[in-house]
file my_file_30.cif (mmCIF, C-alpha atoms and all ligand atoms)
data_start
loop_
_atom_site.group_PDB
_atom_site.id
_atom_site.type_symbol
_atom_site.label_atom_id
_atom_site.label_comp_id
_atom_site.auth_asym_id
_atom_site.auth_seq_id
_atom_site.Cartn_x
_atom_site.Cartn_y
_atom_site.Cartn_z
ATOM 1 C CA MET Y 80 8.387 -0.026 -17.106
ATOM 2 C CA ILE Y 81 10.486 -0.636 -14.010
ATOM 3 C CA ASP Y 82 11.086 -4.228 -12.959
ATOM 4 C CA VAL Y 83 12.170 -4.709 -9.344
ATOM 5 C CA PRO Y 84 13.142 -8.254 -8.370
ATOM 6 C CA VAL Y 85 12.475 -9.102 -4.726
ATOM 7 C CA LYS Y 86 14.954 -11.817 -3.825
ATOM 8 C CA LEU Y 87 13.511 -14.100 -1.165
ATOM 9 C CA GLY Y 88 14.750 -17.505 -2.334
ATOM 10 C CA PRO Y 89 11.802 -19.722 -3.259
ATOM 11 C CA ARG Y 90 9.381 -16.904 -2.380
ATOM 12 C CA SER Y 91 11.013 -14.381 -4.744
ATOM 13 C CA TYR Y 92 8.749 -12.215 -6.839
ATOM 14 C CA ARG Y 93 8.783 -9.204 -9.173
ATOM 15 C CA ILE Y 94 7.352 -5.742 -8.730
ATOM 16 C CA LEU Y 95 6.511 -4.157 -12.072
ATOM 17 C CA VAL Y 96 5.874 -0.400 -12.040
ATOM 18 C CA GLY Y 97 4.577 1.620 -14.987
ATOM 19 C CA ALA Y 98 1.582 3.128 -16.720
ATOM 20 C CA GLY Y 99 -0.938 0.777 -18.342
ATOM 21 C CA LEU Y 100 0.127 -2.392 -16.514
ATOM 22 C CA LEU Y 101 -3.409 -3.409 -15.505
ATOM 23 C CA ALA Y 102 -4.031 -4.368 -19.126
ATOM 24 C CA GLN Y 103 -1.023 -6.717 -18.892
ATOM 25 C CA ALA Y 104 -2.361 -8.583 -15.859
ATOM 26 C CA GLY Y 105 -3.446 -11.666 -17.855
ATOM 27 C CA PRO Y 106 -0.151 -12.363 -19.682
ATOM 28 C CA GLU Y 107 1.935 -11.534 -16.595
ATOM 29 C CA ILE Y 108 -0.075 -13.846 -14.297
ATOM 30 C CA SER Y 109 0.040 -16.584 -16.967
ATOM 31 C CA ARG Y 110 3.835 -16.628 -16.647
ATOM 32 C CA LEU Y 111 3.509 -17.602 -12.977
ATOM 33 C CA GLY Y 112 2.130 -21.019 -13.892
ATOM 34 C CA VAL Y 113 -0.883 -20.777 -11.590
ATOM 35 C CA GLY Y 114 -4.159 -22.676 -12.151
ATOM 36 C CA ARG Y 115 -6.757 -21.431 -14.640
ATOM 37 C CA LYS Y 116 -9.245 -20.368 -11.952
ATOM 38 C CA LEU Y 117 -8.739 -16.935 -10.380
ATOM 39 C CA ALA Y 118 -10.595 -14.850 -7.809
ATOM 40 C CA LEU Y 119 -10.501 -11.134 -8.622
ATOM 41 C CA VAL Y 120 -11.039 -9.379 -5.287
ATOM 42 C CA THR Y 121 -11.915 -5.691 -5.457
ATOM 43 C CA ASP Y 122 -14.439 -3.077 -4.319
ATOM 44 C CA PRO Y 123 -17.341 -1.544 -6.306
ATOM 45 C CA SER Y 124 -15.618 1.812 -7.025
ATOM 46 C CA ILE Y 125 -12.443 0.188 -8.272
ATOM 47 C CA ARG Y 126 -14.371 -2.375 -10.291
ATOM 48 C CA ALA Y 127 -16.225 0.487 -12.005
ATOM 49 C CA LEU Y 128 -12.906 2.140 -12.877
ATOM 50 C CA TYR Y 129 -10.570 -0.763 -13.664
ATOM 51 C CA GLY Y 130 -12.525 -4.023 -13.321
ATOM 52 C CA GLU Y 131 -13.286 -4.264 -17.014
ATOM 53 C CA VAL Y 132 -9.725 -3.800 -18.260
ATOM 54 C CA VAL Y 133 -8.388 -6.353 -15.770
ATOM 55 C CA ALA Y 134 -11.194 -8.888 -16.356
ATOM 56 C CA GLN Y 135 -10.682 -8.647 -20.135
ATOM 57 C CA SER Y 136 -6.950 -9.118 -19.806
ATOM 58 C CA LEU Y 137 -7.415 -12.167 -17.538
ATOM 59 C CA ALA Y 138 -10.090 -13.693 -19.771
ATOM 60 C CA GLY Y 139 -7.884 -13.018 -22.827
ATOM 61 C CA ALA Y 140 -5.130 -15.052 -21.174
ATOM 62 C CA GLY Y 141 -7.555 -17.965 -20.679
ATOM 63 C CA PHE Y 142 -8.380 -17.517 -16.996
ATOM 64 C CA GLU Y 143 -11.784 -18.328 -15.530
ATOM 65 C CA VAL Y 144 -12.474 -15.357 -13.249
ATOM 66 C CA THR Y 145 -14.736 -15.138 -10.185
ATOM 67 C CA THR Y 146 -15.146 -11.534 -9.041
ATOM 68 C CA VAL Y 147 -15.537 -10.982 -5.295
ATOM 69 C CA LEU Y 148 -16.715 -7.517 -4.251
ATOM 70 C CA LEU Y 149 -15.741 -6.169 -0.828
ATOM 71 C CA PRO Y 150 -17.073 -3.202 1.124
ATOM 72 C CA GLU Y 151 -14.912 -0.131 0.547
ATOM 73 C CA GLY Y 152 -11.982 0.833 2.731
ATOM 74 C CA GLU Y 153 -11.416 -0.464 6.249
ATOM 75 C CA ARG Y 154 -14.883 -2.090 6.345
ATOM 76 C CA ALA Y 155 -13.446 -4.868 4.156
ATOM 77 C CA LYS Y 156 -11.018 -6.010 6.829
ATOM 78 C CA THR Y 157 -13.324 -8.078 9.024
ATOM 79 C CA LEU Y 158 -13.665 -11.762 9.805
ATOM 80 C CA GLU Y 159 -17.192 -11.737 8.313
ATOM 81 C CA VAL Y 160 -15.939 -10.431 4.962
ATOM 82 C CA ALA Y 161 -13.056 -12.948 5.024
ATOM 83 C CA ALA Y 162 -15.534 -15.784 5.695
ATOM 84 C CA GLN Y 163 -17.799 -14.632 2.852
ATOM 85 C CA THR Y 164 -14.763 -14.536 0.541
ATOM 86 C CA TRP Y 165 -13.684 -18.067 1.577
ATOM 87 C CA ASP Y 166 -17.263 -19.203 0.755
ATOM 88 C CA ARG Y 167 -17.088 -17.615 -2.707
ATOM 89 C CA LEU Y 168 -13.774 -19.318 -3.416
ATOM 90 C CA LEU Y 169 -15.187 -22.682 -2.358
ATOM 91 C CA GLU Y 170 -18.332 -22.240 -4.477
ATOM 92 C CA ALA Y 171 -16.186 -21.352 -7.494
ATOM 93 C CA GLY Y 172 -14.053 -24.473 -6.976
ATOM 94 C CA LEU Y 173 -10.742 -22.710 -6.408
ATOM 95 C CA ASP Y 174 -7.930 -24.833 -4.977
ATOM 96 C CA ARG Y 175 -4.385 -24.303 -3.726
ATOM 97 C CA GLY Y 176 -3.102 -23.971 -7.283
ATOM 98 C CA SER Y 177 -5.503 -21.106 -7.986
ATOM 99 C CA ALA Y 178 -4.700 -17.456 -7.343
ATOM 100 C CA VAL Y 179 -6.349 -14.557 -5.564
ATOM 101 C CA VAL Y 180 -5.813 -11.286 -7.425
ATOM 102 C CA ALA Y 181 -6.256 -8.159 -5.297
ATOM 103 C CA LEU Y 182 -7.277 -5.087 -7.311
ATOM 104 C CA GLY Y 183 -7.457 -2.009 -5.094
ATOM 105 C CA GLY Y 184 -5.934 -0.108 -2.215
ATOM 106 C CA GLY Y 185 -4.302 -1.390 0.942
ATOM 107 C CA ALA Y 186 -7.597 -2.513 2.471
ATOM 108 C CA VAL Y 187 -8.460 -4.774 -0.479
ATOM 109 C CA GLY Y 188 -4.871 -6.063 -0.552
ATOM 110 C CA ASP Y 189 -4.839 -6.834 3.180
ATOM 111 C CA LEU Y 190 -8.139 -8.741 3.110
ATOM 112 C CA ALA Y 191 -7.398 -10.584 -0.142
ATOM 113 C CA GLY Y 192 -3.904 -11.472 1.086
ATOM 114 C CA PHE Y 193 -5.282 -12.798 4.354
ATOM 115 C CA VAL Y 194 -7.780 -14.950 2.475
ATOM 116 C CA ALA Y 195 -5.015 -16.217 0.149
ATOM 117 C CA ALA Y 196 -2.798 -17.015 3.146
ATOM 118 C CA THR Y 197 -5.475 -19.021 4.931
ATOM 119 C CA TYR Y 198 -7.613 -20.673 2.219
ATOM 120 C CA MET Y 199 -6.509 -24.323 1.943
ATOM 121 C CA ARG Y 200 -3.408 -23.387 3.988
ATOM 122 C CA GLY Y 201 -2.227 -20.906 1.400
ATOM 123 C CA MET Y 202 -2.762 -20.217 -2.287
ATOM 124 C CA HIS Y 203 -1.158 -17.962 -4.893
ATOM 125 C CA PHE Y 204 -1.609 -14.245 -4.428
ATOM 126 C CA VAL Y 205 -1.135 -11.359 -6.874
ATOM 127 C CA GLN Y 206 -1.343 -7.668 -6.031
ATOM 128 C CA LEU Y 207 -2.665 -5.009 -8.425
ATOM 129 C CA PRO Y 208 -2.416 -1.955 -6.119
ATOM 130 C CA THR Y 209 -4.381 1.136 -7.199
ATOM 131 C CA THR Y 210 -3.603 3.671 -4.451
ATOM 132 C CA LEU Y 211 -0.248 5.346 -3.994
ATOM 133 C CA LEU Y 212 -0.050 3.984 -0.455
ATOM 134 C CA ALA Y 213 -0.652 0.444 -1.678
ATOM 135 C CA GLN Y 214 1.865 0.829 -4.523
ATOM 136 C CA VAL Y 215 4.716 2.111 -2.370
ATOM 137 C CA ASP Y 216 3.943 0.213 0.810
ATOM 138 C CA ALA Y 217 0.995 -2.097 1.452
ATOM 139 C CA SER Y 218 1.352 -4.390 -1.584
ATOM 140 C CA ILE Y 219 5.009 -5.124 -0.837
ATOM 141 C CA GLY Y 220 6.471 -7.272 1.906
ATOM 142 C CA GLY Y 221 3.770 -9.904 2.368
ATOM 143 C CA LYS Y 222 1.974 -8.457 5.382
ATOM 144 C CA THR Y 223 -1.714 -9.369 5.315
ATOM 145 C CA ALA Y 224 -4.315 -8.754 8.007
ATOM 146 C CA ILE Y 225 -7.861 -8.186 9.105
ATOM 147 C CA ASP Y 226 -8.902 -5.984 12.017
ATOM 148 C CA HIS Y 227 -9.986 -7.151 15.467
ATOM 149 C CA PRO Y 228 -12.631 -5.120 17.353
ATOM 150 C CA ARG Y 229 -9.852 -4.199 19.793
ATOM 151 C CA ALA Y 230 -7.211 -3.120 17.272
ATOM 152 C CA LYS Y 231 -6.351 -2.752 13.607
ATOM 153 C CA ASN Y 232 -4.399 -5.469 11.756
ATOM 154 C CA LEU Y 233 -4.369 -7.749 14.793
ATOM 155 C CA ILE Y 234 -5.182 -10.993 12.967
ATOM 156 C CA GLY Y 235 -3.006 -11.829 9.994
ATOM 157 C CA ALA Y 236 -0.199 -13.698 8.348
ATOM 158 C CA PHE Y 237 2.895 -13.121 6.282
ATOM 159 C CA HIS Y 238 2.159 -14.319 2.777
ATOM 160 C CA GLN Y 239 4.293 -13.017 -0.077
ATOM 161 C CA PRO Y 240 2.621 -12.138 -3.378
ATOM 162 C CA ARG Y 241 3.778 -13.978 -6.502
ATOM 163 C CA LEU Y 242 3.709 -10.704 -8.433
ATOM 164 C CA VAL Y 243 2.959 -6.998 -7.885
ATOM 165 C CA LEU Y 244 1.776 -4.884 -10.841
ATOM 166 C CA ALA Y 245 1.730 -1.220 -9.855
ATOM 167 C CA ASP Y 246 -0.044 0.650 -12.651
ATOM 168 C CA THR Y 247 0.823 4.321 -12.135
ATOM 169 C CA GLY Y 248 -1.977 5.270 -14.537
ATOM 170 C CA ALA Y 249 -4.472 4.207 -11.841
ATOM 171 C CA LEU Y 250 -3.292 7.099 -9.674
ATOM 172 C CA GLN Y 251 -4.965 9.550 -12.066
ATOM 173 C CA THR Y 252 -8.369 8.755 -10.565
ATOM 174 C CA LEU Y 253 -7.221 8.725 -6.964
ATOM 175 C CA PRO Y 254 -8.905 11.352 -4.755
ATOM 176 C CA GLU Y 255 -6.406 14.003 -3.708
ATOM 177 C CA ARG Y 256 -6.694 13.024 -0.044
ATOM 178 C CA GLU Y 257 -5.717 9.427 -0.828
ATOM 179 C CA TYR Y 258 -2.852 10.593 -3.010
ATOM 180 C CA ARG Y 259 -1.496 12.817 -0.241
ATOM 181 C CA SER Y 260 -1.833 10.007 2.266
ATOM 182 C CA GLY Y 261 0.393 7.888 -0.014
ATOM 183 C CA LEU Y 262 2.836 10.775 -0.399
ATOM 184 C CA ALA Y 263 3.195 10.891 3.378
ATOM 185 C CA GLU Y 264 4.344 7.260 3.211
ATOM 186 C CA VAL Y 265 6.828 8.114 0.445
ATOM 187 C CA ILE Y 266 8.281 10.908 2.608
ATOM 188 C CA LYS Y 267 8.384 8.612 5.635
ATOM 189 C CA HIS Y 268 10.375 5.994 3.703
ATOM 190 C CA GLY Y 269 12.949 8.669 2.914
ATOM 191 C CA ILE Y 270 13.184 9.789 6.507
ATOM 192 C CA VAL Y 271 13.594 6.373 8.061
ATOM 193 C CA LEU Y 272 15.478 4.507 5.351
ATOM 194 C CA ASP Y 273 17.326 6.569 2.794
ATOM 195 C CA ALA Y 274 18.611 10.131 3.035
ATOM 196 C CA ALA Y 275 19.479 10.376 -0.665
ATOM 197 C CA TYR Y 276 15.969 9.287 -1.570
ATOM 198 C CA PHE Y 277 14.550 11.819 0.857
ATOM 199 C CA GLY Y 278 16.610 14.520 -0.886
ATOM 200 C CA GLU Y 279 15.197 13.372 -4.232
ATOM 201 C CA VAL Y 280 11.661 13.644 -2.839
ATOM 202 C CA GLU Y 281 12.437 17.120 -1.462
ATOM 203 C CA ARG Y 282 13.762 18.309 -4.826
ATOM 204 C CA SER Y 283 10.668 16.926 -6.594
ATOM 205 C CA ALA Y 284 8.229 18.233 -3.995
ATOM 206 C CA ALA Y 285 6.484 20.694 -6.327
ATOM 207 C CA ALA Y 286 5.987 18.067 -9.039
ATOM 208 C CA LEU Y 287 4.889 15.385 -6.568
ATOM 209 C CA ALA Y 288 2.290 17.678 -5.052
ATOM 210 C CA LYS Y 289 0.571 18.063 -8.441
ATOM 211 C CA THR Y 290 -1.767 15.591 -10.129
ATOM 212 C CA PRO Y 291 -0.007 12.232 -10.410
ATOM 213 C CA SER Y 292 1.890 11.649 -13.654
ATOM 214 C CA GLY Y 293 2.573 8.281 -15.228
ATOM 215 C CA THR Y 294 6.221 8.430 -14.202
ATOM 216 C CA PRO Y 295 7.012 6.626 -10.961
ATOM 217 C CA SER Y 296 9.950 7.263 -8.690
ATOM 218 C CA ARG Y 297 12.688 4.671 -9.247
ATOM 219 C CA ARG Y 298 13.675 4.287 -5.661
ATOM 220 C CA SER Y 299 10.609 3.691 -3.580
ATOM 221 C CA PRO Y 300 9.562 0.087 -4.448
ATOM 222 C CA ALA Y 301 13.154 -1.167 -4.492
ATOM 223 C CA MET Y 302 13.896 0.516 -1.221
ATOM 224 C CA ARG Y 303 10.750 -0.824 0.332
ATOM 225 C CA ALA Y 304 11.467 -4.336 -0.935
ATOM 226 C CA SER Y 305 15.071 -4.577 0.197
ATOM 227 C CA PRO Y 306 15.338 -6.398 3.543
ATOM 228 C CA THR Y 307 18.591 -4.540 4.223
ATOM 229 C CA ALA Y 308 16.978 -1.193 3.647
ATOM 230 C CA ARG Y 309 14.028 -2.177 5.786
ATOM 231 C CA ARG Y 310 16.347 -2.947 8.688
ATOM 232 C CA CYS Y 311 18.305 0.274 8.274
ATOM 233 C CA ARG Y 312 16.467 2.539 10.662
ATOM 234 C CA SER Y 313 19.466 4.139 12.311
ATOM 235 C CA ALA Y 314 19.121 7.444 14.067
ATOM 236 C CA TRP Y 315 21.969 8.672 11.886
ATOM 237 C CA TRP Y 316 19.803 8.543 8.770
ATOM 238 C CA ARG Y 317 16.921 10.152 10.533
ATOM 239 C CA ARG Y 318 19.032 12.987 11.864
ATOM 240 C CA ARG Y 319 20.628 13.536 8.479
ATOM 241 C CA ALA Y 320 17.297 13.476 6.656
ATOM 242 C CA TRP Y 321 15.360 15.739 8.966
ATOM 243 C CA PRO Y 322 17.644 17.148 11.647
ATOM 244 C CA SER Y 323 15.252 19.546 13.309
ATOM 245 C CA ALA Y 324 12.406 17.074 13.638
ATOM 246 C CA TRP Y 325 14.512 14.136 14.763
ATOM 247 C CA ALA Y 326 17.046 15.951 16.928
ATOM 248 C CA TRP Y 327 17.975 13.811 19.897
ATOM 249 C CA PRO Y 328 17.934 14.624 22.734
ATOM 250 C CA PRO Y 329 14.944 16.866 21.924
ATOM 251 C CA ARG Y 330 15.567 20.573 22.200
ATOM 252 C CA ARG Y 331 14.133 22.265 25.231
ATOM 253 C CA ARG Y 332 11.132 24.361 24.344
ATOM 254 C CA GLU Y 333 11.402 28.039 25.126
ATOM 255 C CA PRO Y 334 8.977 29.241 27.760
ATOM 256 C CA GLY Y 335 6.092 31.416 26.527
ATOM 257 C CA LYS Y 336 6.086 35.128 27.105
ATOM 258 C CA CYS Y 337 4.062 34.585 30.240
ATOM 259 C CA GLY Y 338 6.682 32.201 31.541
ATOM 260 C CA CYS Y 339 4.534 29.149 30.828
ATOM 261 C CA SER Y 340 6.742 26.235 29.763
ATOM 262 C CA ARG Y 341 3.997 24.789 27.530
ATOM 263 C CA ARG Y 342 4.213 27.547 24.973
ATOM 264 C CA TRP Y 343 2.449 25.712 22.141
ATOM 265 C CA VAL Y 344 -0.746 25.415 24.153
ATOM 266 C CA CYS Y 345 -0.354 28.538 26.296
ATOM 267 C CA PRO Y 346 -3.377 30.870 25.786
ATOM 268 C CA CYS Y 347 -1.095 33.892 25.777
ATOM 269 C CA ALA Y 348 0.924 32.490 22.878
ATOM 270 C CA ARG Y 349 -2.218 31.609 20.932
ATOM 271 C CA SER Y 350 -4.067 34.900 21.465
ATOM 272 C CA GLY Y 351 -0.983 37.079 21.074
ATOM 273 C CA ARG Y 352 -1.966 38.754 24.355
ATOM 274 C CA ARG Y 353 0.928 40.273 26.224
ATOM 275 C CA PRO Y 354 1.524 38.583 29.524
ATOM 276 C CA SER Y 355 1.058 40.682 32.556
ATOM 277 C CA ALA Y 356 4.453 41.478 34.014
HETATM 278 N N1 LIG Y 401 -0.029 -4.716 4.500
HETATM 279 C C1 LIG Y 401 0.729 -3.657 4.683
HETATM 280 O O1 LIG Y 401 1.962 -3.731 4.719
HETATM 281 C C2 LIG Y 401 0.060 -2.314 4.866
HETATM 282 C C3 LIG Y 401 0.855 -1.167 4.907
HETATM 283 C C4 LIG Y 401 0.208 0.072 5.027
HETATM 284 C C5 LIG Y 401 -1.178 0.137 5.100
HETATM 285 N N2 LIG Y 401 -1.918 -1.012 5.066
HETATM 286 C C6 LIG Y 401 -3.373 -0.964 5.138
HETATM 287 O O2 LIG Y 401 -3.855 -0.284 3.989
HETATM 288 C C7 LIG Y 401 -5.131 0.263 4.294
HETATM 289 C C8 LIG Y 401 -5.234 1.656 3.703
HETATM 290 O O3 LIG Y 401 -5.048 1.525 2.318
HETATM 291 P P1 LIG Y 401 -5.217 2.740 1.282
HETATM 292 O O4 LIG Y 401 -4.654 3.976 1.868
HETATM 293 O O5 LIG Y 401 -4.672 2.235 0.001
HETATM 294 O O6 LIG Y 401 -6.769 3.004 1.224
HETATM 295 P P2 LIG Y 401 -8.037 2.035 0.984
HETATM 296 O O7 LIG Y 401 -7.616 0.711 0.487
HETATM 297 O O8 LIG Y 401 -8.821 2.079 2.247
HETATM 298 O O9 LIG Y 401 -8.811 2.788 -0.192
HETATM 299 C C9 LIG Y 401 -9.329 4.074 0.020
HETATM 300 C C10 LIG Y 401 -10.377 4.404 -1.014
HETATM 301 O O10 LIG Y 401 -9.762 4.684 -2.271
HETATM 302 C C11 LIG Y 401 -10.523 4.074 -3.312
HETATM 303 N N3 LIG Y 401 -9.584 3.843 -4.403
HETATM 304 C C12 LIG Y 401 -8.580 2.953 -4.446
HETATM 305 N N4 LIG Y 401 -7.883 3.092 -5.579
HETATM 306 C C13 LIG Y 401 -8.477 4.080 -6.279
HETATM 307 C C14 LIG Y 401 -8.215 4.689 -7.543
HETATM 308 N N5 LIG Y 401 -7.162 4.341 -8.302
HETATM 309 N N6 LIG Y 401 -9.035 5.672 -7.968
HETATM 310 C C15 LIG Y 401 -10.076 6.083 -7.185
HETATM 311 N N7 LIG Y 401 -10.378 5.559 -5.990
HETATM 312 C C16 LIG Y 401 -9.571 4.562 -5.535
HETATM 313 C C17 LIG Y 401 -11.089 2.826 -2.685
HETATM 314 O O11 LIG Y 401 -12.253 2.399 -3.370
HETATM 315 C C18 LIG Y 401 -11.401 3.309 -1.264
HETATM 316 O O12 LIG Y 401 -12.679 3.874 -1.237
HETATM 317 C C19 LIG Y 401 -5.292 0.215 5.801
HETATM 318 O O13 LIG Y 401 -6.202 -0.793 6.133
HETATM 319 C C20 LIG Y 401 -3.904 -0.163 6.302
HETATM 320 O O14 LIG Y 401 -3.941 -0.936 7.479
HETATM 321 C C21 LIG Y 401 -1.327 -2.219 4.948
#
call {"tool": "encode", "arguments": {"input": "my_file_30.cif", "output": "structure tokens", "more": "lines below"}}
Ligand SMILES: NC(=O)c1ccc[n+]([C@@H]2O[C@H](COP(=O)([O-])OP(=O)(O)OC[C@H]3O[C@@H](n4cnc5c(N)ncnc54)[C@H](O)[C@@H]3O)[C@@H](O)[C@H]2O)c1
result
Amino acid sequence: MIDVPVKLGPRSYRILVGAGLLAQAGPEISRLGVGRKLALVTDPSIRALYGEVVAQSLAGAGFEVTTVLLPEGERAKTLEVAAQTWDRLLEAGLDRGSAVVALGGGAVGDLAGFVAATYMRGMHFVQLPTTLLAQVDASIGGKTAIDHPRAKNLIGAFHQPRLVLADTGALQTLPEREYRSGLAEVIKHGIVLDAAYFGEVERSAAALAKTPSGTPSRRSPAMRASPTARRCRSAWWRRRAWPSAWAWPPRRREPGKCGCSRRWVCPCARSGRRPSA
């Protein structure tokens, strides 16, 4: 297991990364000293896969658990769903000492975090991310949000989790598309923040492209969590990591055979037709 401390003074927390961590949720959350009532916020697919193991672990640690089911994906991030979740928390008698536990991808984490940030002016929040994107990005840093009809993530708050448990075993059931979407985030972190890490990702590309293993990369959560690393977005790193894509000023594109300057959309370039002289 990898233990990454995020040092934010009184809002410090730990990110634990490893296989099988969902079964440790109860004992780990117990150590936080939160109240005995918890809201486990998840979606139906994730509950079917991991709800039981998490609920058992929480009950085993003496927690009284109210499960709140959200619509899947982006449909969870609405004011209506947030209001329904606030209602469920009120009915179950949760207070500021209680915790919201988000079990799922970035959408579940964003909605649950927003509810935790706003219910009774803020309550404890724990992230159990189950997608690669949520494990390397969305569960870390305290950004929570719901969508506005005009734009995504427009209404939200910064609310740090008390704990993040990233169970790499959960990636085994992730659809390939979701896994690749998370990989894109991993690659992006390398490009914008850390050239050495990007090199590590490049060298492991073949292995990363296969079915997820239980072995996480050591660098990603720490890199993501470090405020210094987050600020380090210099063009130097970008150029070093991916010189051709980030070259500045951009290289002039060669004209197409027909003389058209927009070669990549020029019909002659696409059809292979020789331009008339
Ligand atoms: N707060 C942040 O800093 C931050 C950062 C990046 C993205 N986000 C947000 O994250 C959201 C996208 O999150 P996402 O990419 O994790 O997708 P998602 O949360 O929308 O989940 C996608 C699907 O994967 C399923 N799923 C989740 N875990 C699974 C597992 N282990 N096995 C099988 N199926 C599983 C879910 O049920 C869902 O149907 C967006 O709303 C985006 O705005 C937030």
call {"tool": "axis_aligned_box", "arguments": {"input": "my_file_30.cif", "around": "ligand LIG 401 (chain Y)", "padding_each_side": "8 Å", "output": "AutoDock Vina command-line options"}}
result
--center_x -5.4 --center_y 0.7 --center_z -0.4 --size_x 30.6 --size_y 26.8 --size_z 31.8
call {"tool": "closest_atom_pairs", "arguments": {"input": "my_file_30.cif", "of": "chain Y", "to": "ligand LIG 401 (chain Y)", "cutoff": "6 Å", "atoms": "all atoms listed in the file", "output": "CSV"}}
result
residue,atom,partner,partner_atom,distance
Y:Asp122,CA,Y:LIG401,O11,6.0
Y:Ser124,CA,Y:LIG401,O11,5.0
Y:Ile125,CA,Y:LIG401,O11,5.4
Y:Glu151,CA,Y:LIG401,O12,4.9
Y:Gly152,CA,Y:LIG401,O8,3.4
Y:Glu153,CA,Y:LIG401,O13,5.2
Y:Gly183,CA,Y:LIG401,C12,5.1
Y:Gly184,CA,Y:LIG401,O7,3.3
Y:Gly185,CA,Y:LIG401,O2,3.3
Y:Ala186,CA,Y:LIG401,O7,3.8
Y:Val187,CA,Y:LIG401,O7,5.6
Y:Asp189,CA,Y:LIG401,N1,5.4
Y:Thr209,CA,Y:LIG401,N4,4.3
Y:Thr210,CA,Y:LIG401,N4,4.5
Y:Leu212,CA,Y:LIG401,O5,5.0
Y:Ala213,CA,Y:LIG401,O5,4.7
Y:Asp216,CA,Y:LIG401,C3,5.3
Y:Ala217,CA,Y:LIG401,C2,3.5
Y:Lys222,CA,Y:LIG401,N1,4.3
Y:Thr223,CA,Y:LIG401,N1,5.0
Y:Ala249,CA,Y:LIG401,N5,4.4
Y:Leu250,CA,Y:LIG401,N5,4.9
Y:Thr252,CA,Y:LIG401,N6,4.1
Y:Leu253,CA,Y:LIG401,N6,3.7
Y:Pro254,CA,Y:LIG401,C15,5.9
call {"tool": "atom_distance", "arguments": {"input": "my_file_30.cif", "atom1": "CA of Gly88 (chain Y)", "atom2": "CA of Ser109 (chain Y)"}}
result
20.8 Å
call {"tool": "residues_around", "arguments": {"input": "my_file_30.cif", "residues": "Arg200 (chain Y)", "least_positions_apart": "2", "cutoff": "12 Å", "atoms": "all atoms listed in the file", "output": "PyMOL selection string"}}
result
chain Y and resi 165+174-176+193-198+202-203+236+238
call {"tool": "resolve_selection", "arguments": {"input": "my_file_30.cif", "expression": "the PyMOL selection byres (((chain Y and resi 115) around 12) and not hetatm)", "output": "PyMOL selection string"}}
result
chain Y and resi 105+108-114+116-118+137-145+171-179+203
call {"tool": "write_last_selection", "arguments": {"input": "my_file_30.cif", "atoms": "C-alpha atoms", "output": "PDB file, in the coordinates of the input"}}
result
ATOM      1  CA  GLY Y 105      -3.446 -11.666 -17.855  1.00  0.00           C
ATOM      2  CA  ILE Y 108      -0.075 -13.846 -14.297  1.00  0.00           C
ATOM      3  CA  SER Y 109       0.040 -16.584 -16.967  1.00  0.00           C
ATOM      4  CA  ARG Y 110       3.835 -16.628 -16.647  1.00  0.00           C
ATOM      5  CA  LEU Y 111       3.509 -17.602 -12.977  1.00  0.00           C
ATOM      6  CA  GLY Y 112       2.130 -21.019 -13.892  1.00  0.00           C
ATOM      7  CA  VAL Y 113      -0.883 -20.777 -11.590  1.00  0.00           C
ATOM      8  CA  GLY Y 114      -4.159 -22.676 -12.151  1.00  0.00           C
ATOM      9  CA  LYS Y 116      -9.245 -20.368 -11.952  1.00  0.00           C
ATOM     10  CA  LEU Y 117      -8.739 -16.935 -10.380  1.00  0.00           C
ATOM     11  CA  ALA Y 118     -10.595 -14.850  -7.809  1.00  0.00           C
ATOM     12  CA  LEU Y 137      -7.415 -12.167 -17.538  1.00  0.00           C
ATOM     13  CA  ALA Y 138     -10.090 -13.693 -19.771  1.00  0.00           C
ATOM     14  CA  GLY Y 139      -7.884 -13.018 -22.827  1.00  0.00           C
ATOM     15  CA  ALA Y 140      -5.130 -15.052 -21.174  1.00  0.00           C
ATOM     16  CA  GLY Y 141      -7.555 -17.965 -20.679  1.00  0.00           C
ATOM     17  CA  PHE Y 142      -8.380 -17.517 -16.996  1.00  0.00           C
ATOM     18  CA  GLU Y 143     -11.784 -18.328 -15.530  1.00  0.00           C
ATOM     19  CA  VAL Y 144     -12.474 -15.357 -13.249  1.00  0.00           C
ATOM     20  CA  THR Y 145     -14.736 -15.138 -10.185  1.00  0.00           C
ATOM     21  CA  ALA Y 171     -16.186 -21.352  -7.494  1.00  0.00           C
ATOM     22  CA  GLY Y 172     -14.053 -24.473  -6.976  1.00  0.00           C
ATOM     23  CA  LEU Y 173     -10.742 -22.710  -6.408  1.00  0.00           C
ATOM     24  CA  ASP Y 174      -7.930 -24.833  -4.977  1.00  0.00           C
ATOM     25  CA  ARG Y 175      -4.385 -24.303  -3.726  1.00  0.00           C
ATOM     26  CA  GLY Y 176      -3.102 -23.971  -7.283  1.00  0.00           C
ATOM     27  CA  SER Y 177      -5.503 -21.106  -7.986  1.00  0.00           C
ATOM     28  CA  ALA Y 178      -4.700 -17.456  -7.343  1.00  0.00           C
ATOM     29  CA  VAL Y 179      -6.349 -14.557  -5.564  1.00  0.00           C
ATOM     30  CA  HIS Y 203      -1.158 -17.962  -4.893  1.00  0.00           C
TER      31      HIS Y 203
END
